[in-house]
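A.B. asks: For reference, the file structure_15.txt (compact mmCIF, C-alpha atoms and all ligand atoms) is included below:
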```
# COMPACT_ATOMS: atom_id res chain seq x y z
CA MET A 212 5.24 -30.31 142.13
CA ARG A 213 5.63 -31.36 145.75
CA THR A 214 3.63 -30.68 148.90
CA GLN A 215 3.26 -32.27 152.31
CA VAL A 216 -0.49 -32.96 152.14
CA ALA A 217 -2.39 -33.28 148.83
CA ILE A 218 -6.03 -32.42 149.51
CA ILE A 219 -8.56 -33.65 146.98
CA GLY A 220 -11.76 -31.56 147.07
CA GLY A 221 -12.28 -27.87 147.78
CA GLY A 222 -15.50 -28.22 149.79
CA PRO A 223 -15.67 -27.32 153.49
CA SER A 224 -13.60 -30.36 154.65
CA GLY A 225 -10.70 -29.77 152.26
CA LEU A 226 -10.58 -26.00 152.81
CA LEU A 227 -10.78 -26.19 156.59
CA LEU A 228 -8.05 -28.84 156.74
CA SER A 229 -5.82 -26.82 154.44
CA GLN A 230 -6.28 -23.63 156.48
CA LEU A 231 -5.59 -25.37 159.82
CA LEU A 232 -2.45 -27.03 158.43
CA HIS A 233 -1.24 -23.72 156.98
CA LEU A 234 -1.41 -22.07 160.42
CA ARG A 235 0.92 -24.82 161.74
CA GLY A 236 3.37 -24.42 158.86
CA ILE A 237 2.30 -27.62 157.08
CA SER A 238 1.98 -27.19 153.31
CA SER A 239 -0.92 -28.47 151.23
CA VAL A 240 -2.38 -28.17 147.75
CA VAL A 241 -6.16 -28.29 147.27
CA LEU A 242 -7.41 -29.83 144.00
CA GLU A 243 -11.04 -28.97 143.14
CA ARG A 244 -12.96 -30.39 140.19
CA LYS A 245 -15.32 -27.42 139.84
CA THR A 246 -14.95 -23.63 139.92
CA LYS A 247 -15.14 -21.57 143.10
CA ASP A 248 -18.43 -20.02 141.98
CA TYR A 249 -19.91 -23.46 141.41
CA VAL A 250 -18.91 -24.63 144.91
CA LEU A 251 -20.33 -21.42 146.43
CA GLY A 252 -23.57 -21.81 144.47
CA ARG A 253 -24.49 -25.03 146.27
CA ILE A 254 -26.98 -24.39 149.07
CA ARG A 255 -26.46 -27.00 151.75
CA ALA A 256 -26.20 -27.13 155.53
CA GLY A 257 -27.06 -24.33 157.94
CA VAL A 258 -26.54 -25.57 161.52
CA LEU A 259 -23.04 -25.64 163.07
CA GLU A 260 -22.18 -27.49 166.28
CA GLN A 261 -19.88 -25.86 168.87
CA GLY A 262 -17.05 -28.17 167.76
CA LEU A 263 -17.15 -26.70 164.26
CA VAL A 264 -17.45 -23.17 165.67
CA ARG A 265 -14.28 -23.81 167.71
CA LEU A 266 -12.46 -25.18 164.67
CA MET A 267 -13.41 -22.06 162.68
CA GLU A 268 -11.97 -20.00 165.54
CA GLU A 269 -8.77 -22.04 165.56
CA ALA A 270 -8.55 -21.55 161.78
CA ASN A 271 -8.85 -17.76 162.26
CA VAL A 272 -11.98 -17.57 160.10
CA ALA A 273 -14.69 -17.10 162.71
CA GLY A 274 -15.09 -13.30 162.63
CA ARG A 275 -17.98 -12.97 160.19
CA MET A 276 -19.66 -16.10 161.57
CA HIS A 277 -19.77 -14.55 165.05
CA ARG A 278 -21.02 -11.22 163.67
CA GLU A 279 -23.65 -12.53 161.26
CA GLY A 280 -24.57 -15.98 162.57
CA PHE A 281 -27.33 -16.63 165.10
CA VAL A 282 -27.02 -18.78 168.18
CA HIS A 283 -30.06 -21.01 168.69
CA ASP A 284 -30.55 -22.39 172.19
CA GLY A 285 -33.29 -24.84 171.24
CA THR A 286 -35.64 -26.08 168.53
CA LEU A 287 -39.35 -26.69 168.01
CA VAL A 288 -40.75 -30.11 167.22
CA ALA A 289 -44.28 -30.36 165.78
CA TYR A 290 -46.73 -33.17 164.98
CA GLY A 291 -50.15 -32.34 163.58
CA ASP A 292 -51.21 -29.14 165.34
CA GLU A 293 -49.11 -29.94 168.43
CA MET A 294 -45.75 -28.27 168.98
CA PHE A 295 -43.17 -28.31 171.79
CA HIS A 296 -39.79 -26.84 172.56
CA VAL A 297 -36.54 -28.72 173.22
CA ASP A 298 -34.17 -26.50 175.17
CA PHE A 299 -30.58 -27.40 174.19
CA LYS A 300 -29.00 -24.85 176.46
CA ALA A 301 -30.87 -26.00 179.58
CA HIS A 302 -30.00 -29.64 178.88
CA THR A 303 -26.40 -29.35 177.68
CA GLY A 304 -25.20 -25.84 178.50
CA SER A 305 -24.75 -25.02 174.83
CA GLY A 306 -26.63 -24.08 171.68
CA VAL A 307 -25.89 -24.30 167.95
CA MET A 308 -24.84 -21.66 165.41
CA LEU A 309 -27.04 -20.87 162.39
CA TYR A 310 -24.61 -19.93 159.61
CA GLY A 311 -24.84 -21.26 156.08
CA GLN A 312 -22.31 -23.70 154.64
CA THR A 313 -22.04 -21.32 151.67
CA GLU A 314 -20.87 -18.49 153.93
CA LEU A 315 -18.49 -20.73 155.87
CA THR A 316 -16.97 -21.95 152.59
CA ARG A 317 -16.68 -18.37 151.31
CA ASP A 318 -14.80 -17.36 154.50
CA LEU A 319 -12.42 -20.30 154.08
CA TYR A 320 -11.73 -19.49 150.41
CA GLU A 321 -11.02 -15.90 151.36
CA ALA A 322 -8.56 -16.92 154.08
CA ARG A 323 -6.76 -19.43 151.85
CA GLU A 324 -6.45 -16.88 149.04
CA LYS A 325 -5.21 -14.17 151.39
CA ALA A 326 -2.51 -16.50 152.70
CA GLY A 327 -1.44 -17.37 149.14
CA GLY A 328 -2.74 -20.93 149.53
CA GLU A 329 -2.42 -23.28 146.59
CA LEU A 330 -5.96 -23.92 145.26
CA ILE A 331 -6.29 -25.48 141.83
CA PHE A 332 -9.73 -25.45 140.20
CA ASN A 333 -11.16 -27.31 137.19
CA VAL A 334 -8.97 -30.36 137.79
CA GLU A 335 -9.98 -33.46 135.85
CA ASP A 336 -8.97 -37.14 135.75
CA VAL A 337 -7.62 -37.12 139.30
CA GLU A 338 -5.84 -40.39 140.15
CA ILE A 339 -4.11 -41.33 143.39
CA ALA A 340 -1.07 -43.59 142.97
CA GLY A 341 1.10 -45.28 145.60
CA ALA A 342 -1.30 -44.53 148.47
CA ASN A 343 0.00 -47.64 150.25
CA THR A 344 3.65 -46.58 149.87
CA ASP A 345 5.68 -43.85 151.61
CA CYS A 346 5.54 -41.53 148.59
CA PRO A 347 2.06 -41.19 147.16
CA GLN A 348 1.42 -39.15 144.03
CA VAL A 349 -1.67 -37.49 142.67
CA HIS A 350 -2.02 -37.22 138.90
CA TYR A 351 -4.50 -34.76 137.40
CA ARG A 352 -5.24 -32.75 134.29
CA VAL A 353 -6.14 -29.07 133.89
CA GLY A 354 -7.12 -28.28 130.30
CA ASP A 355 -4.55 -30.05 128.12
CA ARG A 356 -1.82 -30.27 130.74
CA ILE A 357 -1.17 -33.32 132.87
CA HIS A 358 0.35 -32.74 136.31
CA GLN A 359 1.90 -34.88 139.03
CA LEU A 360 1.80 -33.85 142.68
CA ASN A 361 4.16 -35.73 145.01
CA CYS A 362 3.25 -35.69 148.69
CA ASP A 363 3.59 -37.36 152.09
CA PHE A 364 -0.15 -37.86 152.59
CA VAL A 365 -3.40 -37.60 150.62
CA ALA A 366 -6.57 -36.25 152.26
CA GLY A 367 -9.63 -37.49 150.36
CA CYS A 368 -12.09 -34.62 150.96
CA ASP A 369 -13.86 -35.06 147.63
CA GLY A 370 -17.40 -35.84 148.75
CA PHE A 371 -19.58 -38.88 148.12
CA HIS A 372 -18.94 -39.06 144.35
CA GLY A 373 -15.19 -38.40 144.54
CA VAL A 374 -12.27 -40.55 143.46
CA SER A 375 -10.64 -41.10 146.88
CA ARG A 376 -12.94 -43.76 148.30
CA ARG A 377 -12.90 -45.61 144.97
CA THR A 378 -9.09 -45.74 145.16
CA ILE A 379 -9.27 -48.08 148.18
CA PRO A 380 -9.34 -51.67 146.85
CA THR A 381 -12.66 -53.44 147.32
CA ASP A 382 -11.14 -56.13 149.53
CA GLN A 383 -9.67 -53.46 151.85
CA LYS A 384 -12.95 -51.72 152.73
CA ARG A 385 -16.53 -52.42 153.73
CA GLU A 386 -19.47 -50.16 152.88
CA TYR A 387 -22.77 -49.91 154.77
CA GLU A 388 -25.75 -48.19 153.20
CA LYS A 389 -29.42 -47.36 153.66
CA VAL A 390 -31.32 -45.47 150.97
CA TYR A 391 -34.56 -43.75 152.06
CA PRO A 392 -37.64 -43.91 149.80
CA PHE A 393 -38.09 -40.12 149.60
CA GLY A 394 -36.17 -36.87 149.15
CA TRP A 395 -36.19 -33.28 150.44
CA LEU A 396 -37.33 -30.42 148.27
CA GLY A 397 -35.75 -27.22 149.60
CA ILE A 398 -36.27 -23.57 148.78
CA LEU A 399 -34.46 -20.41 149.76
CA SER A 400 -36.61 -17.30 149.92
CA GLU A 401 -35.91 -13.66 150.79
CA THR A 402 -38.59 -13.55 153.45
CA PRO A 403 -38.40 -13.36 157.26
CA PRO A 404 -38.33 -16.81 158.94
CA VAL A 405 -41.67 -17.95 160.33
CA ASN A 406 -40.23 -18.44 163.83
CA ASP A 407 -37.12 -17.47 165.81
CA GLU A 408 -36.24 -21.17 166.05
CA LEU A 409 -36.27 -24.08 163.61
CA ILE A 410 -39.45 -26.15 163.34
CA TYR A 411 -39.14 -29.89 162.55
CA SER A 412 -42.62 -31.12 161.69
CA ASN A 413 -44.09 -34.62 161.36
CA SER A 414 -47.36 -34.34 159.43
CA GLU A 415 -49.69 -36.88 157.86
CA ARG A 416 -48.71 -35.37 154.49
CA GLY A 417 -44.99 -35.85 155.17
CA PHE A 418 -42.10 -34.12 156.91
CA ALA A 419 -41.46 -30.35 156.78
CA LEU A 420 -38.65 -28.19 158.16
CA CYS A 421 -38.67 -24.41 158.65
CA SER A 422 -35.12 -23.09 158.84
CA MET A 423 -33.34 -19.86 158.05
CA ARG A 424 -30.08 -18.19 157.09
CA ASN A 425 -30.73 -14.75 158.63
CA ALA A 426 -33.53 -12.35 159.63
CA SER A 427 -34.58 -11.84 156.01
CA LEU A 428 -33.62 -15.16 154.39
CA SER A 429 -35.60 -18.34 155.02
CA ARG A 430 -34.83 -21.95 154.14
CA TYR A 431 -37.75 -24.39 154.00
CA TYR A 432 -37.84 -28.10 153.17
CA ILE A 433 -40.62 -30.58 152.50
CA GLN A 434 -40.37 -34.34 152.09
CA CYS A 435 -41.05 -35.20 148.43
CA SER A 436 -41.20 -38.21 146.18
CA LEU A 437 -37.95 -39.48 144.63
CA SER A 438 -39.48 -39.09 141.18
CA ASP A 439 -40.25 -35.36 141.71
CA ARG A 440 -38.12 -32.75 139.96
CA PRO A 441 -37.71 -29.17 141.28
CA GLU A 442 -39.35 -27.79 138.12
CA ASP A 443 -42.48 -29.86 138.90
CA TRP A 444 -43.04 -27.66 141.95
CA THR A 445 -44.20 -24.09 141.40
CA ASP A 446 -43.52 -21.71 144.29
CA HIS A 447 -47.26 -21.56 144.90
CA ALA A 448 -47.48 -25.38 145.18
CA PHE A 449 -44.50 -25.45 147.55
CA TRP A 450 -45.91 -22.82 149.94
CA ASP A 451 -49.32 -24.45 149.85
CA GLU A 452 -47.87 -27.85 150.75
CA LEU A 453 -45.56 -26.46 153.44
CA LYS A 454 -48.46 -24.69 155.15
CA ARG A 455 -50.47 -27.92 155.26
CA ARG A 456 -47.58 -29.70 157.02
CA ILE A 457 -46.99 -27.36 159.97
CA PRO A 458 -49.30 -26.35 162.86
CA ALA A 459 -52.09 -23.95 161.76
CA GLU A 460 -50.81 -21.06 163.88
CA GLN A 461 -47.38 -21.26 162.21
CA ALA A 462 -48.90 -21.71 158.75
CA GLU A 463 -50.84 -18.45 159.20
CA ALA A 464 -47.64 -16.62 160.17
CA ILE A 465 -45.60 -17.74 157.13
CA VAL A 466 -44.48 -14.89 154.89
CA MET A 467 -44.39 -16.18 151.31
CA GLY A 468 -42.24 -14.86 148.48
CA PRO A 469 -40.53 -16.04 145.32
CA SER A 470 -37.93 -18.78 145.73
CA ILE A 471 -34.37 -17.80 144.81
CA GLU A 472 -33.18 -21.42 144.84
CA LYS A 473 -35.03 -24.71 144.62
CA SER A 474 -33.43 -28.15 144.71
CA ILE A 475 -34.06 -31.77 145.68
CA ALA A 476 -31.68 -33.88 147.79
CA PRO A 477 -32.04 -37.66 148.15
CA LEU A 478 -31.68 -39.14 151.64
CA ARG A 479 -29.02 -41.72 152.36
CA SER A 480 -27.10 -43.24 155.27
CA PHE A 481 -23.67 -44.52 154.23
CA VAL A 482 -20.40 -45.44 155.97
CA CYS A 483 -17.13 -46.73 154.52
CA GLU A 484 -14.80 -48.61 156.88
CA PRO A 485 -11.93 -48.04 157.42
CA MET A 486 -11.44 -44.37 156.55
CA ARG A 487 -7.78 -44.92 155.72
CA TRP A 488 -5.71 -46.92 153.28
CA GLY A 489 -1.97 -46.50 153.71
CA ARG A 490 -1.30 -42.77 153.39
CA LEU A 491 -4.75 -41.94 152.02
CA PHE A 492 -7.24 -40.61 154.60
CA LEU A 493 -10.95 -40.15 153.81
CA CYS A 494 -12.62 -37.14 155.36
CA GLY A 495 -16.27 -35.95 155.40
CA ASP A 496 -18.79 -37.00 152.75
CA ALA A 497 -16.07 -39.03 150.97
CA ALA A 498 -16.38 -41.55 153.83
CA HIS A 499 -19.93 -41.15 155.12
CA ILE A 500 -23.33 -39.64 154.39
CA VAL A 501 -26.23 -39.00 156.76
CA PRO A 502 -29.82 -38.09 155.92
CA PRO A 503 -30.05 -34.32 156.59
CA THR A 504 -32.58 -34.49 159.47
CA GLY A 505 -30.65 -33.09 162.44
CA ALA A 506 -27.95 -31.37 160.32
CA LYS A 507 -25.09 -33.76 161.04
CA GLY A 508 -23.42 -33.93 157.56
CA LEU A 509 -21.18 -30.89 157.73
CA ASN A 510 -20.61 -31.30 161.45
CA THR A 511 -19.38 -34.88 161.10
CA ALA A 512 -17.04 -33.74 158.32
CA ALA A 513 -15.68 -31.19 160.82
CA SER A 514 -14.88 -33.79 163.49
CA ASP A 515 -12.99 -35.85 160.87
CA VAL A 516 -10.99 -32.72 159.97
CA GLN A 517 -10.15 -32.18 163.65
CA TYR A 518 -8.89 -35.77 164.10
CA LEU A 519 -6.90 -35.73 160.85
CA TYR A 520 -5.41 -32.29 161.53
CA THR A 521 -4.34 -33.41 165.01
CA GLY A 522 -2.77 -36.60 163.61
CA LEU A 523 -0.87 -34.70 160.90
CA ARG A 524 0.38 -32.15 163.43
CA ARG A 525 1.70 -34.91 165.69
CA PHE A 526 3.48 -36.45 162.72
CA TYR A 527 5.11 -33.21 161.54
CA GLU A 528 5.83 -31.78 165.00
CA ASP A 529 6.92 -34.94 166.89
CA GLY A 530 7.48 -37.54 164.18
CA ASP A 531 4.76 -39.62 165.84
CA MET A 532 2.35 -41.70 163.68
CA GLU A 533 0.01 -42.56 166.57
CA GLY A 534 -2.58 -39.86 165.76
CA LEU A 535 -2.73 -40.96 162.12
CA ASP A 536 -2.80 -44.64 163.05
CA SER A 537 -5.82 -44.09 165.29
CA TYR A 538 -7.57 -41.65 162.89
CA SER A 539 -9.99 -44.10 161.31
CA ALA A 540 -11.10 -45.76 164.55
CA LYS A 541 -11.58 -42.43 166.34
CA ALA A 542 -13.47 -40.81 163.48
CA LEU A 543 -15.69 -43.86 162.93
CA ALA A 544 -16.63 -44.08 166.60
CA ARG A 545 -18.14 -40.59 166.35
CA VAL A 546 -19.49 -41.07 162.81
CA TRP A 547 -21.61 -44.09 163.82
CA LYS A 548 -23.21 -42.10 166.64
CA ALA A 549 -24.09 -39.28 164.23
CA GLU A 550 -25.44 -41.93 161.83
CA ARG A 551 -27.63 -43.30 164.61
CA PHE A 552 -29.01 -39.90 165.56
CA SER A 553 -29.75 -38.91 161.95
CA TRP A 554 -31.41 -42.27 161.26
CA TRP A 555 -33.47 -42.03 164.46
CA PHE A 556 -34.62 -38.45 163.80
CA SER A 557 -35.38 -39.22 160.13
CA SER A 558 -37.37 -42.34 161.09
CA LEU A 559 -39.32 -40.37 163.69
CA MET A 560 -40.29 -37.46 161.43
CA HIS A 561 -41.00 -38.82 157.90
CA ARG A 562 -43.89 -40.59 156.25
CA TYR A 563 -42.75 -43.90 154.69
CA PRO A 564 -44.56 -45.31 151.63
CA ASP A 565 -45.17 -48.68 153.33
CA GLN A 566 -45.95 -47.22 156.76
CA SER A 567 -48.85 -48.92 158.59
CA MET A 568 -51.18 -47.20 161.06
CA PHE A 569 -49.27 -49.05 163.78
CA ASP A 570 -45.99 -47.52 162.61
CA HIS A 571 -47.63 -44.09 162.62
CA LYS A 572 -48.94 -44.61 166.16
CA MET A 573 -45.39 -45.55 167.23
CA GLN A 574 -44.08 -42.25 165.85
CA ILE A 575 -46.76 -40.29 167.68
CA ALA A 576 -46.13 -42.21 170.94
CA GLU A 577 -42.41 -41.47 170.65
CA LEU A 578 -43.08 -37.78 169.95
CA GLU A 579 -45.36 -37.62 172.99
CA PHE A 580 -42.70 -39.32 175.10
CA LEU A 581 -40.12 -36.81 173.83
CA ARG A 582 -42.49 -33.99 174.68
CA SER A 583 -43.04 -35.17 178.24
CA SER A 584 -39.69 -36.67 179.23
CA ASP A 585 -36.78 -34.57 180.40
CA ALA A 586 -34.47 -37.56 179.91
CA ALA A 587 -35.56 -38.03 176.27
CA GLN A 588 -35.14 -34.31 175.55
CA LYS A 589 -31.70 -34.35 177.13
CA ALA A 590 -30.64 -37.26 174.91
CA MET A 591 -31.90 -35.44 171.83
CA ALA A 592 -30.24 -32.16 172.89
CA GLU A 593 -26.89 -33.87 173.55
CA ASN A 594 -26.85 -35.32 170.05
CA TYR A 595 -28.19 -32.22 168.32
CA VAL A 596 -25.60 -29.83 169.76
CA GLY A 597 -22.95 -32.44 168.94
CA LEU A 598 -21.19 -35.19 170.83
CA PRO A 599 -17.76 -34.19 172.15
CA TYR A 600 -14.55 -34.65 170.17
P1 LIG B 1 -18.43 -31.72 149.72
O1 LIG B 1 -19.09 -30.52 150.22
O2 LIG B 1 -19.21 -32.65 148.85
O3 LIG B 1 -17.12 -31.27 148.96
C1 LIG B 1 -16.37 -32.14 148.15
C2 LIG B 1 -15.70 -31.34 147.05
O4 LIG B 1 -14.89 -32.22 146.28
C3 LIG B 1 -16.68 -30.71 146.08
O5 LIG B 1 -16.41 -29.34 145.95
C4 LIG B 1 -16.48 -31.48 144.78
O6 LIG B 1 -16.69 -30.65 143.64
C5 LIG B 1 -15.04 -31.92 144.91
N1 LIG B 1 -14.71 -33.13 144.15
C6 LIG B 1 -15.47 -34.23 143.94
N2 LIG B 1 -14.81 -35.13 143.21
C7 LIG B 1 -13.60 -34.60 142.94
C8 LIG B 1 -12.48 -35.07 142.22
N3 LIG B 1 -12.47 -36.27 141.64
N4 LIG B 1 -11.40 -34.27 142.15
C9 LIG B 1 -11.37 -33.05 142.76
N5 LIG B 1 -12.43 -32.56 143.45
C10 LIG B 1 -13.52 -33.33 143.54
N6 LIG B 1 -25.87 -31.31 155.54
C11 LIG B 1 -26.53 -30.75 156.51
O7 LIG B 1 -26.07 -30.81 157.66
N7 LIG B 1 -27.72 -30.08 156.24
C12 LIG B 1 -28.23 -29.98 154.96
O8 LIG B 1 -29.26 -29.36 154.74
C13 LIG B 1 -27.54 -30.58 153.91
N8 LIG B 1 -28.00 -30.53 152.64
C14 LIG B 1 -27.29 -31.18 151.64
C15 LIG B 1 -27.76 -31.17 150.33
C16 LIG B 1 -27.08 -31.85 149.31
C17 LIG B 1 -27.61 -31.85 147.88
C18 LIG B 1 -25.88 -32.55 149.63
C19 LIG B 1 -25.11 -33.30 148.53
C20 LIG B 1 -25.40 -32.52 150.94
C21 LIG B 1 -26.11 -31.85 151.95
N9 LIG B 1 -25.65 -31.83 153.27
C22 LIG B 1 -26.34 -31.25 154.26
C23 LIG B 1 -24.44 -32.44 153.67
C24 LIG B 1 -23.31 -31.43 153.79
O9 LIG B 1 -23.47 -30.39 152.87
C25 LIG B 1 -22.04 -32.20 153.58
O10 LIG B 1 -21.92 -33.12 154.65
C26 LIG B 1 -20.79 -31.34 153.46
O11 LIG B 1 -20.83 -30.58 152.28
C27 LIG B 1 -19.55 -32.25 153.47
O12 LIG B 1 -18.43 -31.50 153.11
P2 LIG B 1 -17.26 -32.17 152.32
O13 LIG B 1 -16.26 -31.08 152.12
O14 LIG B 1 -16.85 -33.42 152.99
O15 LIG B 1 -17.87 -32.63 150.91
C1 LIG B 2 -30.97 -27.10 157.79
C2 LIG B 2 -30.80 -28.34 157.27
C3 LIG B 2 -31.00 -29.45 158.06
O1 LIG B 2 -30.82 -30.66 157.58
C4 LIG B 2 -31.38 -29.31 159.38
O2 LIG B 2 -31.59 -30.41 160.13
C5 LIG B 2 -31.53 -28.06 159.91
C6 LIG B 2 -31.33 -26.95 159.10
C7 LIG B 2 -30.76 -25.91 156.93
O3 LIG B 2 -30.40 -26.06 155.76
O4 LIG B 2 -31.00 -24.80 157.41
```
What is this structure when it is put down as structure tokens?
C.D. replies:
Amino acid sequence: MRTQVAIIGGGPSGLLLSQLLHLRGISSVVLERKTKDYVLGRIRAGVLEQGLVRLMEEANVAGRMHREGFVHDGTLVAYGDEMFHVDFKAHTGSGVMLYGQTELTRDLYEAREKAGGELIFNVEDVEIAGANTDCPQVHYRVGDRIHQLNCDFVAGCDGFHGVSRRTIPTDQKREYEKVYPFGWLGILSETPPVNDELIYSNSERGFALCSMRNASLSRYYIQCSLSDRPEDWTDHAFWDELKRRIPAEQAEAIVMGPSIEKSIAPLRSFVCEPMRWGRLFLCGDAAHIVPPTGAKGLNTAASDVQYLYTGLRRFYEDGDMEGLDSYSAKALARVWKAERFSWWFSSLMHRYPDQSMFDHKMQIAELEFLRSSDAAQKAMAENYVGLPY
């Protein structure tokens, strides 16, 4: 089999890239290790920057997002019983879109299927060969059959645990990592959100986040220990802990209900440099991970897709390699800024096991500065709504 771009991974990065290329007449094949239902069962991000909204529009898949998503013009930040508002719109002229990654992925699958896109599920033993030559190949197995896909380029959109990054020889890459000593326990519940806006809360008992998917579906997170398992937390224990970590007035307003999903995510900062080896290009979580505070994971994947899509278009439309040659440097320049913001916001909002009273006082002083300074709020707003690309 032959295609122009072999895309490894059918998550949001791979699907969005494939759809954008399709609209420009560039062929691709998406290879996904799991089933579609499995991919759609993963509850992940919920906040989309304007850049990703625009890309969804360019990919002709923005209809349902505009009908069902909610634009948020600001967020609430709490510490103890104190709470203040950061107005994104006033500071930057734009807001963010609340629309679940699950829904965005569903829209992309639908569009790819409608257009007869080549999506292959349940692929195993994926191997990339000849990535540093002009004719790379991807070998994979489905059931008992072994396949070979010849292509011009390989897009490694296969997430943090994928095969693409591992294909780059150790002496051709450098990895930077920070692992945080806690995780996030998240639940999804068919209850109305506690507030119209998100609440990020720093409490003495640990971080909490009140988010949502729509008017009758809430998403809540609490910082938890790395040794916790979701089954250790009853719904009752979760709600009880959440209420202790947000201001009393908000805690009283929470509508509780059974959880329909409960999972734990570890927190990690990670970057692989460069994001390219020969004709293999890493995109999204395959190249970098951020801790979720500030919702930059999916959005940083989207800016990679934009840079790679633009580079591939220039190659196929004008025979010009410049966009592909500058892909890694351009993507990394934005990635490191998203890494910084996510690290800063995580450090500000969580309780660390070895945190001293001095460290705690520093967090509170910074929160009070953020509350009172227009300049600090503007800096936060600029990063939260997304740096330009
Ligand atoms: P992925 O979504 O990981 O997609 C990669 C795809 O590749 C997967 O479908 C995988 O099955 C497939 N794959 C892997 N290996 C292979 C292989 N060898 N061959 C073929 N296919 C393969 N971000 C936020 O902003 N907010 C959040 O609340 C949030 N929560 C998260 C919770 C968890 C548990 C995780 C893991 C991530 C979370 N993120 C969150 C990050 C965000 O979801 C990711 O940044 C986003 O999914 C990146 O998209 P991607 O397509 O690059 O990677
Ligand atoms: C959500 C996740 C985040 O990490 C975040 O900062 C905001 C919202 C969410 O899943 O809704």
A.B. asks: Compute the set of protein, DNA and RNA residues whose minimum atom distance to ligand LIG 2 (chain B) is at most 9 Å, using all atoms listed in the file, and state it as an MDAnalysis selection string.
C.D. replies: chainID A and resid 254:258 309:312 397 409:411 420:424 429:432 502:508 553
A.B. asks: Might you pull out every residue within 9 Å of Ala342 in chain A, with all atoms listed in the file counted and same-chain residues fewer than 3 positions away left off, and present them as a PyMOL selection string?
C.D. replies: chain A and resi 339+345-348+364-365+378-379+488-491
A.B. asks: Would you work out the distance separating CA of Glu442 in chain A from atom C18 of ligand LIG 1 (chain B), expressed in Å to one decimal?
C.D. replies: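 Distance between the two atoms: 18.3 Å.
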A.B. asks: Using all atoms listed in the file, can you list as an MDAnalysis selection string the residues within 9 Å of (-48.5, -30.6, 158.7)?
C.D. replies: chainID A and resid 289:292 412:419 452:459 462
A.B. asks: Contacts of range 533-542 of chain A at 10 Å or less, counting only C-alpha atoms, minus same-chain residues fewer than 5 places along, as a PyMOL selection string?
C.D. replies: chain A and resi 484-490+492-495+511-512+514-526+547+600
A.B. asks: At a cut-off of 8 Å, can you tabulate as a Markdown table every residue of range 256-334 of chain A near range 213-235 of chain A together with its closest atom pair and the distance in Å to one decimal, using only C-alpha atoms and ordering rows by chain then number?
C.D. replies:
```
| residue | atom | partner | partner_atom | distance |
| --- | --- | --- | --- | --- |
| A:Met267 | CA | A:Leu227 | CA | 7.8 |
| A:Glu269 | CA | A:Leu231 | CA | 7.4 |
| A:Ala270 | CA | A:Leu231 | CA | 5.2 |
| A:Gln312 | CA | A:Pro223 | CA | 7.6 |
| A:Leu315 | CA | A:Pro223 | CA | 7.6 |
| A:Thr316 | CA | A:Pro223 | CA | 5.6 |
| A:Leu319 | CA | A:Leu226 | CA | 6.1 |
| A:Tyr320 | CA | A:Leu226 | CA | 7.0 |
| A:Ala322 | CA | A:Gln230 | CA | 7.5 |
| A:Arg323 | CA | A:Gln230 | CA | 6.3 |
| A:Leu330 | CA | A:Gly221 | CA | 7.9 |
```
A.B. asks: Suppose you want the space between CA of Leu543 in chain A and CA of Cys362 in chain A; what is it in Å?
C.D. replies: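 Atom-to-atom, CA of Leu543 in chain A to CA of Cys362 in chain A, that is 25.1 Å.
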A.B. asks: Could you tell me which of A:Asn510, A:Ser436, A:Ser470, A:Gln261 comes closest to ligand LIG 1 (chain B) if we count all atoms listed in the file?
C.D. replies: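 Residue with the minimum atom-to-atom distance to ligand LIG 1 (chain B): A:Asn510.
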A.B. asks: So how far away is CA of Asp355 in chain A from CA of Gly327 in chain A, in Å?
C.D. replies: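 Calculated distance between CA of Gly327 in chain A and CA of Asp355 in chain A is 24.7 Å.
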A.B. asks: Have a look at A:Ile465, A:Ala340, A:Ile471, A:Met591 and name the one nearest to Gly252 in chain A; count all atoms listed in the file.
C.D. replies: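 Of A:Ile465, A:Ala340, A:Ile471, A:Met591, the one nearest Gly252 in chain A, counting all atoms listed in the file, is A:Ile471.
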A.B. asks: Closest to Val297 in chain A among A:Thr445, A:Arg356, A:Gln566, A:Glu408, using all atoms listed in the file?
C.D. replies: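 Once distances to Val297 in chain A are computed over all atoms listed in the file, the minimum belongs to A:Glu408.
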A.B. asks: Pick out the closest residue to ligand LIG 1 (chain B) from this set: A:Trp555, A:Tyr595, A:Phe449, A:Phe281. Count all atoms listed in the file.
C.D. replies: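 Smallest distance to ligand LIG 1 (chain B) is found for A:Tyr595.
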A.B. asks: Find the residues around Asp443 in chain A up to 12 Å (all atoms listed in the file counted), leave out those fewer than 5 positions away in its own chain, and share them as number ranges by chain.
C.D. replies: A: 396, 435-436, 438, 448-449, 473-475
A.B. asks: Taking C-alpha atoms for each residue, export the selection above as a PDB file, in the coordinates of the input.
C.D. replies:
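Result saved to out25.pdb:
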```pdb
ATOM      1  CA  LEU A 396     -37.330 -30.420 148.270  1.00  0.00           C
ATOM      2  CA  CYS A 435     -41.050 -35.200 148.430  1.00  0.00           C
ATOM      3  CA  SER A 436     -41.200 -38.210 146.180  1.00  0.00           C
ATOM      4  CA  SER A 438     -39.480 -39.090 141.180  1.00  0.00           C
ATOM      5  CA  ALA A 448     -47.480 -25.380 145.180  1.00  0.00           C
ATOM      6  CA  PHE A 449     -44.500 -25.450 147.550  1.00  0.00           C
ATOM      7  CA  LYS A 473     -35.030 -24.710 144.620  1.00  0.00           C
ATOM      8  CA  SER A 474     -33.430 -28.150 144.710  1.00  0.00           C
ATOM      9  CA  ILE A 475     -34.060 -31.770 145.680  1.00  0.00           C
TER      10      ILE A 475
END
```
